[in-house]
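To keep things clear, I will list the structure first and then write my remarks on it.
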Amino acid sequence: MQLGITNLQKTQVIVLPELQELGPEACDIPGDWKPKKEANPTYDWTRCEKDADYNTKRGIYTPEMATSRRRCQIIFELLQTDAKYDGREVALICHGGIISFLQGIEDEYEEMTEDKIFSK
């Protein structure tokens, strides 16, 4: 098994808004993507451009257990079915909550009530 990105010069960064953190705190809510796009013009921001709920915590970003699981399903389906990821090395950079869901390590969350995880 090889860890890391083997050829950084040929790496394409694709911003997936679905990877934002689970909670309702200000630090869990992404700001406007446009200034970030200006600072990182080589990144692919297409999914953010098409996602009206990207920085609202509405829709699939609602801080609830069911929507968090659904968002993880969307990420997995995207990585498995979108041809741009086929046969490529993929590195997901995100917060601990969403990565725990992606890894299936939800036990610590299951022991807590939804209001403890997602309430301010």
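In the structure tokens, chains take letters A, B, ... by order of appearance, with residues numbered from 1 within each chain and ligands from 1 in the order shown.
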
Exercise for the section: Fewer than 2 positions away in the same chain doesn't count, so skip those; otherwise give me all residues within 6 Å of segment 15-27 of chain A, counting only C-alpha atoms, as a list in words. Expected result: Ile29, Trp45, Cys48, Pro63, Cys94, His95, Ile98 and Phe118 of chain A

Suppose we keep C-alpha atoms; can you now write the selection as a PDB file, in the first residue's frame?
ATOM      1  CA  ILE A  29     -20.017  26.381   7.943  1.00  0.00           C
ATOM      2  CA  TRP A  45     -14.946  24.552  -7.872  1.00  0.00           C
ATOM      3  CA  CYS A  48     -19.652  24.473  -5.176  1.00  0.00           C
ATOM      4  CA  PRO A  63     -26.695  19.071  11.054  1.00  0.00           C
ATOM      5  CA  CYS A  94     -11.870  17.177   5.686  1.00  0.00           C
ATOM      6  CA  HIS A  95     -12.778  17.487   9.367  1.00  0.00           C
ATOM      7  CA  ILE A  98     -17.284  13.707   8.431  1.00  0.00           C
ATOM      8  CA  PHE A 118     -25.519  19.043  16.443  1.00  0.00           C
TER       9      PHE A 118
END

Practice task
Write out as a PyMOL selection string which residues come within 12 Å of Lys37 of chain A when counting only C-alpha atoms, dropping same-chain ones fewer than 3 positions away.
Solution key: chain A and resi 13-15+31-34+40-46+48-49

Just to be explicit: take each residue in the selection above, keep N, CA and C atoms, and write the result as an mmCIF file, in the first residue's frame.
data_model
loop_
_atom_site.group_PDB
_atom_site.id
_atom_site.type_symbol
_atom_site.label_atom_id
_atom_site.label_comp_id
_atom_site.auth_asym_id
_atom_site.auth_seq_id
_atom_site.Cartn_x
_atom_site.Cartn_y
_atom_site.Cartn_z
ATOM 1 N N VAL A 13 -6.996 19.346 -7.895
ATOM 2 C CA VAL A 13 -7.776 19.502 -6.673
ATOM 3 C C VAL A 13 -9.223 19.776 -7.062
ATOM 4 N N ILE A 14 -10.115 18.924 -6.565
ATOM 5 C CA ILE A 14 -11.547 19.076 -6.809
ATOM 6 C C ILE A 14 -12.201 19.329 -5.457
ATOM 7 N N VAL A 15 -12.836 20.468 -5.322
ATOM 8 C CA VAL A 15 -13.475 20.832 -4.062
ATOM 9 C C VAL A 15 -14.862 20.195 -4.011
ATOM 10 N N GLY A 31 -17.530 29.491 4.275
ATOM 11 C CA GLY A 31 -17.892 30.824 3.805
ATOM 12 C C GLY A 31 -18.132 30.813 2.302
ATOM 13 N N ASP A 32 -18.190 31.984 1.751
ATOM 14 C CA ASP A 32 -18.372 32.139 0.309
ATOM 15 C C ASP A 32 -17.189 31.500 -0.417
ATOM 16 N N TRP A 33 -17.460 30.668 -1.382
ATOM 17 C CA TRP A 33 -16.400 29.967 -2.120
ATOM 18 C C TRP A 33 -15.713 30.872 -3.138
ATOM 19 N N LYS A 34 -16.354 31.978 -3.550
ATOM 20 C CA LYS A 34 -15.787 32.808 -4.621
ATOM 21 C C LYS A 34 -14.410 33.389 -4.276
ATOM 22 N N ASN A 40 -7.373 30.324 -5.331
ATOM 23 C CA ASN A 40 -6.959 28.997 -5.805
ATOM 24 C C ASN A 40 -7.598 28.708 -7.162
ATOM 25 N N PRO A 41 -7.210 29.460 -8.193
ATOM 26 C CA PRO A 41 -7.893 29.352 -9.488
ATOM 27 C C PRO A 41 -7.696 28.027 -10.214
ATOM 28 N N THR A 42 -6.710 27.242 -9.831
ATOM 29 C CA THR A 42 -6.497 25.965 -10.515
ATOM 30 C C THR A 42 -7.366 24.853 -9.942
ATOM 31 N N TYR A 43 -8.004 25.091 -8.809
ATOM 32 C CA TYR A 43 -8.894 24.091 -8.220
ATOM 33 C C TYR A 43 -10.192 24.030 -9.014
ATOM 34 N N ASP A 44 -10.805 22.882 -9.007
ATOM 35 C CA ASP A 44 -12.110 22.697 -9.656
ATOM 36 C C ASP A 44 -13.204 22.989 -8.623
ATOM 37 N N TRP A 45 -13.904 24.100 -8.792
ATOM 38 C CA TRP A 45 -14.946 24.552 -7.872
ATOM 39 C C TRP A 45 -16.352 24.269 -8.411
ATOM 40 N N THR A 46 -16.472 23.458 -9.445
ATOM 41 C CA THR A 46 -17.738 23.232 -10.136
ATOM 42 C C THR A 46 -18.857 22.800 -9.190
ATOM 43 N N CYS A 48 -19.238 23.350 -6.036
ATOM 44 C CA CYS A 48 -19.652 24.473 -5.176
ATOM 45 C C CYS A 48 -20.513 25.451 -5.971
ATOM 46 N N GLU A 49 -20.116 25.702 -7.203
ATOM 47 C CA GLU A 49 -20.865 26.634 -8.051
ATOM 48 C C GLU A 49 -22.291 26.158 -8.279
#

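Across A:Asp28, A:Leu78, A:Val90, A:Gly96, the tightest approach to Tyr61 of chain A is made by A:Asp28 when counting only C-alpha atoms.
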
Exercise for the section: Just give me the gap between atom CA of Pro30 of chain A and atom CA of Asp51 of chain A in Å, one decimal is fine. Expected result: 12.4 Å

Exercise for the section: Go through A:Gln12, A:Lys50, A:Glu64, A:Cys72 one by one, measure the shortest atom-to-atom distance of each to Ala91 of chain A using only C-alpha atoms, and give the residue with the smallest value. Expected result: A:Gln12

Practice task
Give me, please, the distance in Å between atom CA of Thr62 of chain A and atom CA of Thr81 of chain A, quoted to one decimal.
Solution key: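 Between atom CA of Thr62 of chain A and atom CA of Thr81 of chain A the gap works out to 24.6 Å.
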
Practice task
Rank nothing, just name the residue among A:Asp86, A:Ser68, A:Glu77, A:Tyr54 nearest to Ser100 of chain A, using only C-alpha atoms.
Solution key: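 Answer, going by the shortest atom-to-atom distance: A:Ser68.
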